[in-house]
Amino acid sequence: MSKILYMRKKHFDGFLKESRDPIGYRDPQGRTDDYKEIYKETWDVNQLRHQGKRCMSCGVPTCMAGCPIGNLIPEWNDLAYQDSWEEALNRLHNTNNFPEFTGYTCPAPCEPACVLAYNDEPVTIKDLERAIVDRGWEMGWIKPKSPSTRTNYKVAVVGSGPAGLSAAQQLNRAGHNVTVFERDDVAGGMMTYGIPDFKFAKFRVARRIEQLTQEGIEFKTNTELGKDISLEELRHQYHATALTIGAQKHRDVSIPGRELAGVSFAMTYLIRANRIQAGLEVSGGEDAKDKHVVVLGGGDTGADCVATAHRQGAKSVTQISIREKPPAERPTGNPWPTEPWTYIQTYAIAEGGIEEYGLNSLEFLDTNQDGRVDTLKTERVEWEYDDNRRRTNKTTVAPDVRMPADLVLIAAGFSGAQTEALHQDDLETTRWGTLQVDDKMMTNIPGVFAAGDANLGASLVVWAIGDGRDVAHHIDDFLVGETQLPKSLRSKNKPMGGYI
């Protein structure tokens, strides 16, 4: 019997002796005064060891099924409990190239899938992941790993978000010569400009980029596919190309008054705010200071807008969802261990602001006749849903509900990859706006592959990392006829949505 299995038997009743004790967040009433991370900065080793002890060593680890890439959760839970932190980090890295990306930003669908969550509070899986990788950086265990030999193959990776970075690292470690192209001035994709600093500090991205650079990966920023370089040029210069360009085609709100000043896409607003925090130049756009801010969209991007508006000094912030408010308990047809359709207050609303559910936007109004939005007209509705939680019939409860709105941020999601910017008419797409790929993740253009949100649609960071690992596996096999690169241990439970 292995040491790990033996030690698990010794603490099989840990969940009976220890209660859930998360690291937690900073005081929501004070943290809006700065852009530091919202999480508590320090944690006690014994606190996290005790949380690892709560893991039940289940015969069927449903937490792994809840994780989109099947991370080896029970193994690193146990290793943390045993105080074997470096080995726990190795287990993390076996399935996840950048566990801090997920440890800080993932909504952790693994936790409600924990067996304990059936009738108790789950193991603090996300905290343990964060603690393990933080300890790894602190102790100097995370170091560049360059390949011992190089092949003659060159691979282009377009996009430096989680999918692109994981694909690049895997392919580089297989010995291929990898170049990552990024249209922005700094690598990192959504991790750099899409997620606010107070949710994920940018030094965490920068040190991973530095690690990959030292491993031999070349980064070319300020280089946009379709503008600065064409796909045909990449195909001529490289033996394979991975398109990890994200799914940043905004889903718009087509109602009267959309053209008014003060109505903006959420991601445009967030990128501008992140650039300001980084001390970089910005052009156009506006902030929320002294404005009544309305955010259209109840998801994670919308929450990030709410929290950013708090820090910019908004007069008021209201977040609107067209859906009904989720119930406090799992509804019928949503059993454990599936992801629960229940209400959870976001970190942003904990800081202040108003949540409104069941409001359908009707018109952006300019009552002052100055070319700017100042009022949002909505209707209060009730919906009927089918078995897949899709909205069907609508009943209007109140036909004219208005609220002040000096700045409206549209966070209605994304409708696919920005393929029109590639100027590649023969690149096939799906009806969802993603890139059409075969079972080897190759597009209809030979040697051109797709991964991440461009392949999956807008989803979680952890799913993108896994997809990057998968496309690296297929590209390596395409180049050399075989591969030792592992695929992700992807589960069948695709997350419900949201980029984090």
# chains A, B, ... in the order shown; residues from 1 in each chain; ligands from 1
$ residues_around --residues "A:Tyr343" --least-positions-apart "6" --cutoff "6 Å" --atoms "only C-alpha atoms" --output "mmCIF file with N, CA and C atoms, in the first residue's frame"
data_model
loop_
_atom_site.group_PDB
_atom_site.id
_atom_site.type_symbol
_atom_site.label_atom_id
_atom_site.label_comp_id
_atom_site.auth_asym_id
_atom_site.auth_seq_id
_atom_site.Cartn_x
_atom_site.Cartn_y
_atom_site.Cartn_z
ATOM 1 N N PRO A 326 -31.911 33.287 -8.146
ATOM 2 C CA PRO A 326 -31.818 31.849 -7.834
ATOM 3 C C PRO A 326 -32.271 31.572 -6.411
ATOM 4 N N PRO A 327 -32.769 30.377 -6.169
ATOM 5 C CA PRO A 327 -33.240 30.032 -4.822
ATOM 6 C C PRO A 327 -32.076 29.789 -3.866
ATOM 7 N N ALA A 328 -32.377 29.768 -2.584
ATOM 8 C CA ALA A 328 -31.350 29.513 -1.574
ATOM 9 C C ALA A 328 -30.953 28.046 -1.532
#
$ closest_residue --among "A:Arg204, A:Lys440, A:Arg251, A:Arg173" --to "A:Gly413" --atoms "only C-alpha atoms"
A:Arg251
$ closest_residue --among "A:Gly59, A:Thr105, A:Arg130, A:Leu280" --to "A:Leu92" --atoms "only C-alpha atoms"
A:Arg130
$ residues_around --residues "A:Pro256" --least-positions-apart "5" --cutoff "9 Å" --atoms "only C-alpha atoms" --output "PyMOL selection string"
chain A and resi 362-365
$ write_last_selection --atoms "N, CA, C and O atoms" --output "compact mmCIF listing (two decimals), in the first residue's frame"
# COMPACT_ATOMS: atom_id res chain seq x y z
N LEU A 362 -35.50 47.89 -21.78
CA LEU A 362 -36.33 48.30 -22.91
C LEU A 362 -35.77 49.46 -23.70
O LEU A 362 -35.86 49.50 -24.93
N GLU A 363 -35.15 50.45 -22.97
CA GLU A 363 -34.70 51.63 -23.69
C GLU A 363 -33.71 52.43 -22.84
O GLU A 363 -33.88 52.55 -21.63
N PHE A 364 -32.66 52.95 -23.51
CA PHE A 364 -31.75 53.91 -22.88
C PHE A 364 -32.30 55.30 -23.18
O PHE A 364 -32.48 55.66 -24.36
N LEU A 365 -32.57 56.09 -22.13
CA LEU A 365 -33.22 57.38 -22.30
C LEU A 365 -32.24 58.55 -22.08
O LEU A 365 -31.36 58.47 -21.23
$ residues_around --residues "A:Ser146" --least-positions-apart "4" --cutoff "8 Å" --atoms "only C-alpha atoms" --output "ChimeraX atom specification"
/A:172-173,214-216
$ decode --residues "stretch 66-98 of chain A" --atoms "C-alpha atoms" --output "PDB file, in the first residue's frame"
ATOM      1  CA  GLY A  66     -16.811  18.614 -10.752  1.00  0.00           C
ATOM      2  CA  CYS A  67     -13.441  19.983 -11.894  1.00  0.00           C
ATOM      3  CA  PRO A  68     -13.549  20.650 -15.655  1.00  0.00           C
ATOM      4  CA  ILE A  69     -10.052  19.191 -16.128  1.00  0.00           C
ATOM      5  CA  GLY A  70     -10.151  16.474 -13.485  1.00  0.00           C
ATOM      6  CA  ASN A  71      -7.470  17.851 -11.173  1.00  0.00           C
ATOM      7  CA  LEU A  72      -6.096  15.246  -8.732  1.00  0.00           C
ATOM      8  CA  ILE A  73      -7.770  16.963  -5.807  1.00  0.00           C
ATOM      9  CA  PRO A  74      -7.742  14.201  -3.147  1.00  0.00           C
ATOM     10  CA  GLU A  75      -4.034  13.619  -3.723  1.00  0.00           C
ATOM     11  CA  TRP A  76      -2.894  17.175  -3.115  1.00  0.00           C
ATOM     12  CA  ASN A  77      -5.397  17.601  -0.290  1.00  0.00           C
ATOM     13  CA  ASP A  78      -3.738  14.680   1.473  1.00  0.00           C
ATOM     14  CA  LEU A  79      -0.187  15.833   0.699  1.00  0.00           C
ATOM     15  CA  ALA A  80      -0.954  19.260   2.178  1.00  0.00           C
ATOM     16  CA  TYR A  81      -2.276  17.552   5.296  1.00  0.00           C
ATOM     17  CA  GLN A  82       0.945  15.509   5.478  1.00  0.00           C
ATOM     18  CA  ASP A  83       2.937  18.789   5.231  1.00  0.00           C
ATOM     19  CA  SER A  84       4.377  17.565   1.909  1.00  0.00           C
ATOM     20  CA  TRP A  85       3.799  20.867   0.166  1.00  0.00           C
ATOM     21  CA  GLU A  86       6.368  20.502  -2.606  1.00  0.00           C
ATOM     22  CA  GLU A  87       4.977  17.144  -3.638  1.00  0.00           C
ATOM     23  CA  ALA A  88       1.475  18.615  -3.483  1.00  0.00           C
ATOM     24  CA  LEU A  89       2.667  21.315  -5.896  1.00  0.00           C
ATOM     25  CA  ASN A  90       4.006  18.638  -8.238  1.00  0.00           C
ATOM     26  CA  ARG A  91       0.610  16.935  -8.226  1.00  0.00           C
ATOM     27  CA  LEU A  92      -1.060  20.261  -8.997  1.00  0.00           C
ATOM     28  CA  HIS A  93       1.287  20.924 -11.899  1.00  0.00           C
ATOM     29  CA  ASN A  94       0.644  17.444 -13.295  1.00  0.00           C
ATOM     30  CA  THR A  95      -2.771  18.598 -14.514  1.00  0.00           C
ATOM     31  CA  ASN A  96      -2.681  22.403 -14.259  1.00  0.00           C
ATOM     32  CA  ASN A  97       0.158  24.562 -15.596  1.00  0.00           C
ATOM     33  CA  PHE A  98      -0.889  27.655 -13.655  1.00  0.00           C
TER      34      PHE A  98
END
